[in-house]
>>> print(open('structure-v2.cif').read())   # mmCIF, C-alpha atoms and all ligand atoms
data_target
#
loop_
_atom_site.group_PDB
_atom_site.id
_atom_site.type_symbol
_atom_site.label_atom_id
_atom_site.label_comp_id
_atom_site.auth_asym_id
_atom_site.auth_seq_id
_atom_site.Cartn_x
_atom_site.Cartn_y
_atom_site.Cartn_z
ATOM 1 C CA MET A 1 85.186 56.799 71.177
ATOM 2 C CA ALA A 2 83.654 55.091 68.159
ATOM 3 C CA GLY A 3 83.307 57.113 64.985
ATOM 4 C CA ARG A 4 85.938 59.716 65.693
ATOM 5 C CA VAL A 5 86.273 62.239 62.877
ATOM 6 C CA ARG A 6 89.452 61.774 60.872
ATOM 7 C CA VAL A 7 91.222 65.142 60.870
ATOM 8 C CA ALA A 8 94.125 66.330 58.728
ATOM 9 C CA VAL A 9 96.244 69.182 60.056
ATOM 10 C CA LEU A 10 97.838 71.391 57.398
ATOM 11 C CA ILE A 11 101.043 73.143 58.425
ATOM 12 C CA SER A 12 103.922 75.101 56.918
ATOM 13 C CA GLY A 13 106.416 75.238 59.775
ATOM 14 C CA ARG A 14 106.876 74.596 63.466
ATOM 15 C CA GLY A 15 103.535 72.911 64.053
ATOM 16 C CA SER A 16 102.992 73.712 67.717
ATOM 17 C CA ASN A 17 99.219 74.014 67.207
ATOM 18 C CA MET A 18 99.303 70.687 65.393
ATOM 19 C CA THR A 19 101.021 69.187 68.446
ATOM 20 C CA ALA A 20 98.321 70.641 70.718
ATOM 21 C CA LEU A 21 95.665 68.933 68.585
ATOM 22 C CA VAL A 22 97.597 65.655 68.566
ATOM 23 C CA GLU A 23 97.908 65.757 72.352
ATOM 24 C CA ALA A 24 94.196 66.501 72.836
ATOM 25 C CA ALA A 25 93.288 63.641 70.496
ATOM 26 C CA ARG A 26 95.296 61.199 72.620
ATOM 27 C CA ASP A 27 92.253 61.162 74.904
ATOM 28 C CA PRO A 28 90.064 58.379 73.489
ATOM 29 C CA ASP A 29 87.005 60.488 74.359
ATOM 30 C CA TYR A 30 88.185 63.354 72.155
ATOM 31 C CA PRO A 31 85.843 63.478 69.126
ATOM 32 C CA ALA A 32 88.599 63.683 66.504
ATOM 33 C CA GLU A 33 91.667 61.658 65.632
ATOM 34 C CA ILE A 34 94.608 63.275 63.872
ATOM 35 C CA ALA A 35 94.931 60.944 60.909
ATOM 36 C CA LEU A 36 97.289 63.005 58.737
ATOM 37 C CA VAL A 37 99.679 65.943 58.958
ATOM 38 C CA LEU A 38 100.292 67.582 55.593
ATOM 39 C CA ALA A 39 102.771 70.353 54.809
ATOM 40 C CA ASN A 40 103.467 72.427 51.725
ATOM 41 C CA VAL A 41 107.072 72.839 52.961
ATOM 42 C CA PRO A 42 108.956 69.517 52.771
ATOM 43 C CA ASP A 43 111.370 70.373 55.595
ATOM 44 C CA ALA A 44 108.727 71.812 57.941
ATOM 45 C CA ALA A 45 109.779 70.978 61.501
ATOM 46 C CA GLY A 46 106.203 69.972 62.307
ATOM 47 C CA LEU A 47 106.420 67.027 59.893
ATOM 48 C CA ARG A 48 109.225 65.526 61.964
ATOM 49 C CA THR A 49 107.330 66.143 65.205
ATOM 50 C CA ALA A 50 104.227 64.465 63.789
ATOM 51 C CA ALA A 51 106.165 61.479 62.443
ATOM 52 C CA ALA A 52 107.838 61.038 65.841
ATOM 53 C CA ALA A 53 104.338 60.961 67.370
ATOM 54 C CA GLY A 54 103.374 58.173 64.972
ATOM 55 C CA ILE A 55 101.092 60.317 62.788
ATOM 56 C CA PRO A 56 101.148 59.698 59.014
ATOM 57 C CA THR A 57 102.697 62.685 57.243
ATOM 58 C CA VAL A 58 102.852 63.904 53.681
ATOM 59 C CA ALA A 59 104.674 66.832 52.080
ATOM 60 C CA ILE A 60 103.246 68.382 48.939
ATOM 61 C CA ASP A 61 105.674 71.095 47.913
ATOM 62 C CA HIS A 62 103.946 73.969 46.134
ATOM 63 C CA HIS A 63 107.032 74.946 44.116
ATOM 64 C CA PRO A 64 106.682 72.349 41.302
ATOM 65 C CA PHE A 65 103.169 73.699 40.649
ATOM 66 C CA GLY A 66 104.454 77.226 39.937
ATOM 67 C CA ARG A 67 101.581 79.690 39.841
ATOM 68 C CA ASP A 68 98.961 76.991 39.471
ATOM 69 C CA ARG A 69 97.578 77.107 43.011
ATOM 70 C CA GLU A 70 94.584 75.008 42.069
ATOM 71 C CA ALA A 71 96.777 72.155 40.762
ATOM 72 C CA HIS A 72 98.610 72.160 44.091
ATOM 73 C CA GLU A 73 95.282 72.082 45.908
ATOM 74 C CA ARG A 74 94.068 69.194 43.745
ATOM 75 C CA ALA A 75 97.114 67.221 44.868
ATOM 76 C CA ILE A 76 96.348 68.101 48.506
ATOM 77 C CA ASP A 77 92.704 67.157 48.058
ATOM 78 C CA ALA A 78 93.712 63.787 46.584
ATOM 79 C CA ALA A 79 95.952 63.107 49.602
ATOM 80 C CA LEU A 80 93.075 64.024 51.946
ATOM 81 C CA ALA A 81 90.711 61.690 50.090
ATOM 82 C CA GLU A 82 93.273 58.890 50.121
ATOM 83 C CA ALA A 83 93.574 59.220 53.918
ATOM 84 C CA GLY A 84 89.781 59.233 54.384
ATOM 85 C CA ILE A 85 89.829 62.692 55.961
ATOM 86 C CA GLY A 86 86.553 64.212 57.151
ATOM 87 C CA LEU A 87 87.757 67.577 58.433
ATOM 88 C CA VAL A 88 90.774 69.817 57.876
ATOM 89 C CA CYS A 89 92.470 72.048 60.457
ATOM 90 C CA LEU A 90 94.774 74.734 59.098
ATOM 91 C CA ALA A 91 97.462 75.375 61.709
ATOM 92 C CA GLY A 92 100.064 77.838 60.553
ATOM 93 C CA TYR A 93 99.419 76.857 56.921
ATOM 94 C CA MET A 94 100.844 79.892 55.167
ATOM 95 C CA ARG A 95 99.430 79.543 51.622
ATOM 96 C CA ILE A 96 96.413 81.462 50.424
ATOM 97 C CA LEU A 97 93.754 78.981 49.343
ATOM 98 C CA THR A 98 91.648 79.308 46.205
ATOM 99 C CA PRO A 99 87.855 78.966 46.169
ATOM 100 C CA TRP A 100 88.353 75.549 44.559
ATOM 101 C CA LEU A 101 89.576 74.031 47.826
ATOM 102 C CA THR A 102 87.634 76.212 50.280
ATOM 103 C CA THR A 103 84.327 75.463 48.533
ATOM 104 C CA ARG A 104 85.061 71.760 48.477
ATOM 105 C CA TRP A 105 85.734 71.773 52.231
ATOM 106 C CA GLN A 106 83.150 74.381 53.221
ATOM 107 C CA GLY A 107 82.007 73.778 56.803
ATOM 108 C CA ARG A 108 84.727 71.124 57.193
ATOM 109 C CA MET A 109 87.837 73.336 57.257
ATOM 110 C CA LEU A 110 88.945 75.312 60.332
ATOM 111 C CA ASN A 111 91.753 77.842 60.740
ATOM 112 C CA ILE A 112 93.484 79.399 63.720
ATOM 113 C CA HIS A 113 94.517 83.024 63.409
ATOM 114 C CA PRO A 114 96.664 84.986 65.873
ATOM 115 C CA SER A 115 94.324 87.935 66.486
ATOM 116 C CA LEU A 116 90.818 88.660 67.674
ATOM 117 C CA LEU A 117 89.178 88.658 64.246
ATOM 118 C CA PRO A 118 87.834 90.670 62.521
ATOM 119 C CA ALA A 119 90.722 92.786 63.808
ATOM 120 C CA PHE A 120 94.088 92.255 62.147
ATOM 121 C CA PRO A 121 93.542 89.670 59.407
ATOM 122 C CA GLY A 122 96.690 88.779 57.472
ATOM 123 C CA LEU A 123 100.278 88.852 58.703
ATOM 124 C CA HIS A 124 102.238 90.565 61.515
ATOM 125 C CA THR A 125 99.203 90.604 63.778
ATOM 126 C CA HIS A 126 101.092 91.152 67.042
ATOM 127 C CA GLU A 127 103.081 94.117 65.736
ATOM 128 C CA ARG A 128 99.890 95.643 64.327
ATOM 129 C CA ALA A 129 97.981 95.075 67.581
ATOM 130 C CA LEU A 130 100.725 96.872 69.515
ATOM 131 C CA ALA A 131 100.838 99.715 66.981
ATOM 132 C CA ALA A 132 97.060 100.120 67.243
ATOM 133 C CA GLY A 133 97.270 100.292 71.027
ATOM 134 C CA VAL A 134 94.617 97.641 71.651
ATOM 135 C CA ARG A 135 94.319 96.546 75.280
ATOM 136 C CA LEU A 136 92.943 93.107 74.433
ATOM 137 C CA HIS A 137 94.515 90.766 71.912
ATOM 138 C CA GLY A 138 94.281 87.068 71.294
ATOM 139 C CA CYS A 139 93.419 84.398 68.781
ATOM 140 C CA THR A 140 90.474 83.078 66.810
ATOM 141 C CA VAL A 141 89.374 79.734 65.437
ATOM 142 C CA HIS A 142 87.023 80.128 62.505
ATOM 143 C CA LEU A 143 85.549 78.239 59.597
ATOM 144 C CA VAL A 144 87.405 78.829 56.349
ATOM 145 C CA THR A 145 85.538 80.547 53.530
ATOM 146 C CA GLU A 146 86.678 82.058 50.230
ATOM 147 C CA VAL A 147 87.772 85.263 51.967
ATOM 148 C CA MET A 148 90.986 84.908 53.974
ATOM 149 C CA ASP A 149 90.582 85.175 57.772
ATOM 150 C CA GLN A 150 86.874 85.991 57.498
ATOM 151 C CA GLY A 151 84.778 82.882 58.073
ATOM 152 C CA PRO A 152 82.280 82.332 60.902
ATOM 153 C CA ILE A 153 83.986 82.503 64.293
ATOM 154 C CA LEU A 154 83.928 79.287 66.345
ATOM 155 C CA GLY A 155 85.944 80.463 69.337
ATOM 156 C CA GLN A 156 88.284 83.144 70.623
ATOM 157 C CA ALA A 157 90.719 83.558 73.501
ATOM 158 C CA ALA A 158 91.685 87.034 74.713
ATOM 159 C CA ILE A 159 94.503 88.292 76.894
ATOM 160 C CA ALA A 160 95.335 91.729 78.232
ATOM 161 C CA VAL A 161 98.239 93.435 76.482
ATOM 162 C CA ARG A 162 100.940 94.341 79.003
ATOM 163 C CA ALA A 163 102.539 97.758 79.207
ATOM 164 C CA ASP A 164 105.719 97.939 77.111
ATOM 165 C CA GLU A 165 105.229 94.393 75.871
ATOM 166 C CA THR A 166 107.278 93.386 72.825
ATOM 167 C CA ALA A 167 105.663 91.725 69.822
ATOM 168 C CA GLY A 168 107.690 88.592 70.534
ATOM 169 C CA ALA A 169 106.494 88.352 74.120
ATOM 170 C CA LEU A 170 102.917 88.987 73.056
ATOM 171 C CA ALA A 171 103.175 86.340 70.329
ATOM 172 C CA GLU A 172 104.391 83.818 72.866
ATOM 173 C CA ARG A 173 101.514 84.509 75.263
ATOM 174 C CA VAL A 174 98.942 84.385 72.453
ATOM 175 C CA LEU A 175 100.435 81.108 71.194
ATOM 176 C CA ALA A 176 99.895 79.538 74.612
ATOM 177 C CA GLN A 177 96.218 80.535 74.283
ATOM 178 C CA GLU A 178 96.083 79.081 70.765
ATOM 179 C CA HIS A 179 97.155 75.717 72.123
ATOM 180 C CA VAL A 180 94.178 75.686 74.501
ATOM 181 C CA LEU A 181 91.673 77.264 72.138
ATOM 182 C CA TYR A 182 92.175 75.094 69.044
ATOM 183 C CA PRO A 183 91.488 71.692 70.631
ATOM 184 C CA ALA A 184 88.537 73.159 72.550
ATOM 185 C CA ALA A 185 87.015 74.863 69.504
ATOM 186 C CA LEU A 186 87.438 71.754 67.357
ATOM 187 C CA ALA A 187 85.757 69.580 69.996
ATOM 188 C CA ARG A 188 82.922 72.040 70.341
ATOM 189 C CA HIS A 189 82.525 72.260 66.561
ATOM 190 C CA LEU A 190 82.116 68.490 66.578
ATOM 191 C CA GLY A 191 79.419 68.899 69.208
ATOM 192 C CA ARG A 192 81.104 67.161 72.090
ATOM 193 C CA ALA A 193 82.398 69.677 74.631
ATOM 194 C CA ALA A 194 82.026 73.178 75.950
ATOM 195 C CA LEU A 195 84.751 75.791 75.857
ATOM 196 C CA PRO A 196 86.551 75.946 79.199
ATOM 197 C CA TRP A 197 86.095 79.686 79.703
ATOM 198 C CA SER A 198 83.528 81.382 81.902
ATOM 199 C CA ASP A 199 81.212 84.016 80.443
ATOM 200 C CA ARG A 200 82.396 86.765 82.798
ATOM 201 C CA SER A 201 83.358 89.918 80.979
ATOM 202 C CA LEU A 202 87.026 90.730 80.752
ATOM 203 C CA ILE A 203 87.588 94.419 81.421
ATOM 204 C CA VAL A 204 91.049 95.875 80.985
ATOM 205 C CA VAL A 205 91.826 99.502 81.899
HETATM 206 C C1 LIG B 301 100.351 80.414 64.834
HETATM 207 O O1 LIG B 301 100.511 81.539 65.657
HETATM 208 C C2 LIG B 301 99.128 80.576 63.965
HETATM 209 O O2 LIG B 301 98.055 81.216 64.599
HETATM 210 C C3 LIG B 301 99.676 81.414 62.852
HETATM 211 O O3 LIG B 301 100.950 80.893 62.589
HETATM 212 C C4 LIG B 301 101.478 80.332 63.800
HETATM 213 C C5 LIG B 301 101.862 78.906 63.514
HETATM 214 O O4 LIG B 301 102.543 78.363 64.618
HETATM 215 N N1 LIG B 301 98.835 81.371 61.698
HETATM 216 C C6 LIG B 301 98.716 82.367 60.826
HETATM 217 O O5 LIG B 301 99.300 83.421 60.938
HETATM 218 C C7 LIG B 301 97.774 82.083 59.695
HETATM 219 N N2 LIG B 301 97.578 83.269 58.917
HETATM 220 P P1 LIG B 301 102.658 76.794 64.760
HETATM 221 O O6 LIG B 301 103.230 76.279 63.436
HETATM 222 O O7 LIG B 301 103.645 76.604 65.882
HETATM 223 O O8 LIG B 301 101.304 76.238 65.051
#
>>> encode(input="structure-v2.cif", output="structure tokens")
Amino acid sequence: MAGRVRVAVLISGRGSNMTALVEAARDPDYPAEIALVLANVPDAAGLRTAAAAGIPTVAIDHHPFGRDREAHERAIDAALAEAGIGLVCLAGYMRILTPWLTTRWQGRMLNIHPSLLPAFPGLHTHERALAAGVRLHGCTVHLVTEVMDQGPILGQAAIAVRADETAGALAERVLAQEHVLYPAALARHLGRAALPWSDRSLIVV
């Protein structure tokens, strides 16, 4: 497809959502190409996976910047500009962003979060979902704003929580949904495809 949007995926670790986006973008009709994978952790496993898939990678360690988050973000922003990036997907990027970067990329930065927002922003979402006794849990793709895990929702995938399910098992089942949701929500955000779910209600008793 001509004029595919050049996307950078920002990661901090494993990068399985990044891989899902890379695989979706292998389809020439997919509206985005993954043009860069950037990590704030130099030995993030996802960097090696991306490099093996032939994707340009860059590591910008946050440690040398100390407490100056904005200086770190300026370095990231420069790398994004250098790669001609049009849209950023956060995928397990575990640094809180300052308004400097989120404002600059407003409407052009997506995040995936492992809960049905606005429930359970922040960390340990699966443990907290189990402790709260929710019957439905899942994941959300949303636009990034200044407030962490609070931007406009672009898509969600829900699953029923199983009786006596462990947080690890729940995390694994939600992650499988993330890998379907993120490529679909990104494509829909770019105006090219519908989400693959029906609009039937999901009732869990
Ligand atoms: C994913 O579950 C993602 O939703 C979560 O981290 C994991 C990264 O896995 N993100 C957050 O918790 C953001 N606050 P991955 O590196 O294999 O994609």
>>> resolve_selection(input="structure-v2.cif", expression="the PyMOL selection byres (((chain A and resi 13) around 12) and not hetatm)", output="CSV table (one decimal) with C-alpha atoms, in the frame of the given file")
chain,number,residue,atom,x,y,z
A,9,VAL,CA,96.2,69.2,60.1
A,10,LEU,CA,97.8,71.4,57.4
A,11,ILE,CA,101.0,73.1,58.4
A,12,SER,CA,103.9,75.1,56.9
A,14,ARG,CA,106.9,74.6,63.5
A,15,GLY,CA,103.5,72.9,64.1
A,16,SER,CA,103.0,73.7,67.7
A,17,ASN,CA,99.2,74.0,67.2
A,18,MET,CA,99.3,70.7,65.4
A,19,THR,CA,101.0,69.2,68.4
A,37,VAL,CA,99.7,65.9,59.0
A,38,LEU,CA,100.3,67.6,55.6
A,39,ALA,CA,102.8,70.4,54.8
A,40,ASN,CA,103.5,72.4,51.7
A,41,VAL,CA,107.1,72.8,53.0
A,42,PRO,CA,109.0,69.5,52.8
A,43,ASP,CA,111.4,70.4,55.6
A,44,ALA,CA,108.7,71.8,57.9
A,45,ALA,CA,109.8,71.0,61.5
A,46,GLY,CA,106.2,70.0,62.3
A,47,LEU,CA,106.4,67.0,59.9
A,48,ARG,CA,109.2,65.5,62.0
A,49,THR,CA,107.3,66.1,65.2
A,50,ALA,CA,104.2,64.5,63.8
A,59,ALA,CA,104.7,66.8,52.1
A,90,LEU,CA,94.8,74.7,59.1
A,91,ALA,CA,97.5,75.4,61.7
A,92,GLY,CA,100.1,77.8,60.6
A,93,TYR,CA,99.4,76.9,56.9
A,94,MET,CA,100.8,79.9,55.2
A,95,ARG,CA,99.4,79.5,51.6
>>> closest_residue(input="structure-v2.cif", among="A:Val58, A:Tyr30, A:Pro118, A:Ala167", to="Gly151 of chain A", atoms="only C-alpha atoms")
A:Pro118
>>> residues_around(input="structure-v2.cif", residues="Gly107 of chain A", least_positions_apart="2", cutoff="9 Å", atoms="all atoms listed in the file", output="list in words")
Leu87, Thr102, Thr103, Trp105, Met109, Leu110, Leu143, Val144 and Thr145 of chain A
>>> closest_residue(input="structure-v2.cif", among="A:Pro99, A:Gly138, A:Pro31, A:Gly54", to="ligand LIG 301 (chain B)", atoms="only C-alpha atoms and all ligand atoms")
A:Gly138
>>> resolve_selection(input="structure-v2.cif", expression="the PyMOL selection byres (((chain A and resi 126-129) around 8) and not hetatm)", output="PyMOL selection string")
chain A and resi 114-115+120+124-125+130-134+137+167-168+170-171
>>> axis_aligned_box(input="structure-v2.cif", around="ligand LIG 301 (chain B)", padding_each_side="5 Å", output="AutoDock Vina command-line options")
--center_x 100.6 --center_y 79.8 --center_z 62.4 --size_x 16.1 --size_y 17.2 --size_z 17.0
>>> residues_around(input="structure-v2.cif", residues="Glu70 of chain A", least_positions_apart="3", cutoff="7 Å", atoms="only C-alpha atoms", output="PDB file with C-alpha atoms, keeping the file's coordinate frame")
ATOM      1  CA  GLU A  73      95.282  72.082  45.908  1.00  0.00           C
ATOM      2  CA  ARG A  74      94.068  69.194  43.745  1.00  0.00           C
ATOM      3  CA  THR A  98      91.648  79.308  46.205  1.00  0.00           C
ATOM      4  CA  TRP A 100      88.353  75.549  44.559  1.00  0.00           C
TER       5      TRP A 100
END
>>> closest_residue(input="structure-v2.cif", among="A:Thr166, A:Thr140, A:Gln150, A:Gln156", to="ligand LIG 301 (chain B)", atoms="only C-alpha atoms and all ligand atoms")
A:Thr140
>>> residues_around(input="structure-v2.cif", residues="Tyr182 of chain A", least_positions_apart="6", cutoff="8 Å", atoms="only C-alpha atoms", output="NGL selection string")
:A and (17 or 20-21 or 112 or 141)
>>> closest_residue(input="structure-v2.cif", among="A:Val161, A:Ile60, A:Ala176, A:Ala187", to="ligand LIG 301 (chain B)", atoms="only C-alpha atoms and all ligand atoms")
A:Ala176
>>> decode(input="structure-v2.cif", residues="segment 60-168 of chain A", atoms="C-alpha atoms", output="PDB file, in the first residue's frame")
ATOM      1  CA  ILE A  60      18.208   5.133  24.434  1.00  0.00           C
ATOM      2  CA  ASP A  61      19.046   4.236  28.012  1.00  0.00           C
ATOM      3  CA  HIS A  62      17.339   6.536  30.504  1.00  0.00           C
ATOM      4  CA  HIS A  63      20.024   6.093  33.178  1.00  0.00           C
ATOM      5  CA  PRO A  64      22.564   8.642  31.821  1.00  0.00           C
ATOM      6  CA  PHE A  65      19.810  11.285  31.956  1.00  0.00           C
ATOM      7  CA  GLY A  66      19.287  10.820  35.712  1.00  0.00           C
ATOM      8  CA  ARG A  67      16.121  12.564  36.837  1.00  0.00           C
ATOM      9  CA  ASP A  68      15.873  14.660  33.703  1.00  0.00           C
ATOM     10  CA  ARG A  69      13.013  12.787  32.038  1.00  0.00           C
ATOM     11  CA  GLU A  70      12.505  15.527  29.490  1.00  0.00           C
ATOM     12  CA  ALA A  71      16.133  15.321  28.288  1.00  0.00           C
ATOM     13  CA  HIS A  72      15.651  11.588  27.759  1.00  0.00           C
ATOM     14  CA  GLU A  73      12.452  12.287  25.845  1.00  0.00           C
ATOM     15  CA  ARG A  74      14.204  14.895  23.694  1.00  0.00           C
ATOM     16  CA  ALA A  75      16.705  12.219  22.687  1.00  0.00           C
ATOM     17  CA  ILE A  76      13.833   9.837  21.868  1.00  0.00           C
ATOM     18  CA  ASP A  77      12.037  12.538  19.905  1.00  0.00           C
ATOM     19  CA  ALA A  78      15.199  13.238  17.890  1.00  0.00           C
ATOM     20  CA  ALA A  79      15.504   9.530  17.030  1.00  0.00           C
ATOM     21  CA  LEU A  80      11.838   9.478  15.947  1.00  0.00           C
ATOM     22  CA  ALA A  81      12.360  12.542  13.750  1.00  0.00           C
ATOM     23  CA  GLU A  82      15.515  11.064  12.246  1.00  0.00           C
ATOM     24  CA  ALA A  83      13.571   7.917  11.280  1.00  0.00           C
ATOM     25  CA  GLY A  84      10.713   9.949   9.761  1.00  0.00           C
ATOM     26  CA  ILE A  85       8.178   8.498  12.194  1.00  0.00           C
ATOM     27  CA  GLY A  86       4.538   9.556  11.901  1.00  0.00           C
ATOM     28  CA  LEU A  87       3.000   7.609  14.775  1.00  0.00           C
ATOM     29  CA  VAL A  88       4.237   6.005  17.989  1.00  0.00           C
ATOM     30  CA  CYS A  89       2.929   2.809  19.597  1.00  0.00           C
ATOM     31  CA  LEU A  90       3.869   2.250  23.227  1.00  0.00           C
ATOM     32  CA  ALA A  91       4.029  -1.504  23.810  1.00  0.00           C
ATOM     33  CA  GLY A  92       5.182  -2.395  27.282  1.00  0.00           C
ATOM     34  CA  TYR A  93       7.132   0.880  27.505  1.00  0.00           C
ATOM     35  CA  MET A  94       7.499   1.160  31.261  1.00  0.00           C
ATOM     36  CA  ARG A  95       8.556   4.815  31.721  1.00  0.00           C
ATOM     37  CA  ILE A  96       6.141   7.534  32.719  1.00  0.00           C
ATOM     38  CA  LEU A  97       6.129  10.192  30.012  1.00  0.00           C
ATOM     39  CA  THR A  98       6.158  13.930  30.660  1.00  0.00           C
ATOM     40  CA  PRO A  99       3.741  16.371  29.015  1.00  0.00           C
ATOM     41  CA  TRP A 100       6.646  17.501  26.826  1.00  0.00           C
ATOM     42  CA  LEU A 101       6.544  14.291  24.788  1.00  0.00           C
ATOM     43  CA  THR A 102       2.827  13.490  25.091  1.00  0.00           C
ATOM     44  CA  THR A 103       1.845  16.972  23.882  1.00  0.00           C
ATOM     45  CA  ARG A 104       4.244  16.768  20.975  1.00  0.00           C
ATOM     46  CA  TRP A 105       2.737  13.439  19.884  1.00  0.00           C
ATOM     47  CA  GLN A 106      -0.870  14.152  20.849  1.00  0.00           C
ATOM     48  CA  GLY A 107      -3.226  12.137  18.636  1.00  0.00           C
ATOM     49  CA  ARG A 108      -0.223  10.273  17.186  1.00  0.00           C
ATOM     50  CA  MET A 109       0.767   8.133  20.187  1.00  0.00           C
ATOM     51  CA  LEU A 110      -1.074   4.940  21.187  1.00  0.00           C
ATOM     52  CA  ASN A 111      -0.632   2.705  24.232  1.00  0.00           C
ATOM     53  CA  ILE A 112      -1.784  -0.783  25.128  1.00  0.00           C
ATOM     54  CA  HIS A 113      -2.738  -1.406  28.735  1.00  0.00           C
ATOM     55  CA  PRO A 114      -3.540  -4.781  30.315  1.00  0.00           C
ATOM     56  CA  SER A 115      -6.955  -3.950  31.796  1.00  0.00           C
ATOM     57  CA  LEU A 116     -10.351  -2.699  30.736  1.00  0.00           C
ATOM     58  CA  LEU A 117      -9.685   0.988  31.372  1.00  0.00           C
ATOM     59  CA  PRO A 118     -10.722   3.053  33.240  1.00  0.00           C
ATOM     60  CA  ALA A 119     -10.475   0.112  35.642  1.00  0.00           C
ATOM     61  CA  PHE A 120      -7.025  -0.696  36.987  1.00  0.00           C
ATOM     62  CA  PRO A 121      -4.665   1.919  35.545  1.00  0.00           C
ATOM     63  CA  GLY A 122      -1.040   1.482  36.601  1.00  0.00           C
ATOM     64  CA  LEU A 123       0.746  -1.739  37.513  1.00  0.00           C
ATOM     65  CA  HIS A 124      -0.239  -5.252  38.687  1.00  0.00           C
ATOM     66  CA  THR A 125      -3.529  -5.089  36.819  1.00  0.00           C
ATOM     67  CA  HIS A 126      -4.213  -8.838  36.802  1.00  0.00           C
ATOM     68  CA  GLU A 127      -3.657  -9.255  40.540  1.00  0.00           C
ATOM     69  CA  ARG A 128      -5.883  -6.241  41.212  1.00  0.00           C
ATOM     70  CA  ALA A 129      -8.611  -7.520  38.872  1.00  0.00           C
ATOM     71  CA  LEU A 130      -8.641 -10.852  40.714  1.00  0.00           C
ATOM     72  CA  ALA A 131      -8.671  -9.129  44.112  1.00  0.00           C
ATOM     73  CA  ALA A 132     -11.610  -6.971  43.010  1.00  0.00           C
ATOM     74  CA  GLY A 133     -13.530 -10.041  41.879  1.00  0.00           C
ATOM     75  CA  VAL A 134     -14.345  -8.696  38.417  1.00  0.00           C
ATOM     76  CA  ARG A 135     -15.896 -11.251  36.067  1.00  0.00           C
ATOM     77  CA  LEU A 136     -14.666  -9.527  32.913  1.00  0.00           C
ATOM     78  CA  HIS A 137     -11.087  -8.433  32.363  1.00  0.00           C
ATOM     79  CA  GLY A 138      -9.061  -7.592  29.312  1.00  0.00           C
ATOM     80  CA  CYS A 139      -6.994  -4.948  27.602  1.00  0.00           C
ATOM     81  CA  THR A 140      -7.324  -1.489  26.111  1.00  0.00           C
ATOM     82  CA  VAL A 141      -5.677   0.462  23.325  1.00  0.00           C
ATOM     83  CA  HIS A 142      -5.959   4.191  23.870  1.00  0.00           C
ATOM     84  CA  LEU A 143      -4.500   7.481  22.753  1.00  0.00           C
ATOM     85  CA  VAL A 144      -1.823   8.788  25.091  1.00  0.00           C
ATOM     86  CA  THR A 145      -2.498  12.047  26.909  1.00  0.00           C
ATOM     87  CA  GLU A 146      -0.750  13.792  29.803  1.00  0.00           C
ATOM     88  CA  VAL A 147      -2.522  11.572  32.337  1.00  0.00           C
ATOM     89  CA  MET A 148      -1.182   8.012  32.467  1.00  0.00           C
ATOM     90  CA  ASP A 149      -3.581   5.313  31.192  1.00  0.00           C
ATOM     91  CA  GLN A 150      -6.398   7.817  30.661  1.00  0.00           C
ATOM     92  CA  GLY A 151      -6.573   8.876  27.023  1.00  0.00           C
ATOM     93  CA  PRO A 152      -9.493   8.295  24.638  1.00  0.00           C
ATOM     94  CA  ILE A 153     -10.178   4.586  24.184  1.00  0.00           C
ATOM     95  CA  LEU A 154      -9.671   3.223  20.657  1.00  0.00           C
ATOM     96  CA  GLY A 155     -10.442  -0.433  21.325  1.00  0.00           C
ATOM     97  CA  GLN A 156     -10.856  -3.060  24.016  1.00  0.00           C
ATOM     98  CA  ALA A 157     -10.896  -6.847  24.217  1.00  0.00           C
ATOM     99  CA  ALA A 158     -12.617  -8.596  27.126  1.00  0.00           C
ATOM    100  CA  ILE A 159     -12.453 -12.135  28.443  1.00  0.00           C
ATOM    101  CA  ALA A 160     -14.313 -13.895  31.224  1.00  0.00           C
ATOM    102  CA  VAL A 161     -12.262 -14.473  34.364  1.00  0.00           C
ATOM    103  CA  ARG A 162     -12.179 -18.181  35.214  1.00  0.00           C
ATOM    104  CA  ALA A 163     -12.908 -19.547  38.660  1.00  0.00           C
ATOM    105  CA  ASP A 164      -9.717 -19.942  40.710  1.00  0.00           C
ATOM    106  CA  GLU A 165      -7.619 -18.468  37.921  1.00  0.00           C
ATOM    107  CA  THR A 166      -4.110 -17.345  38.880  1.00  0.00           C
ATOM    108  CA  ALA A 167      -2.813 -13.906  37.944  1.00  0.00           C
ATOM    109  CA  GLY A 168      -0.213 -15.554  35.718  1.00  0.00           C
TER     110      GLY A 168
END
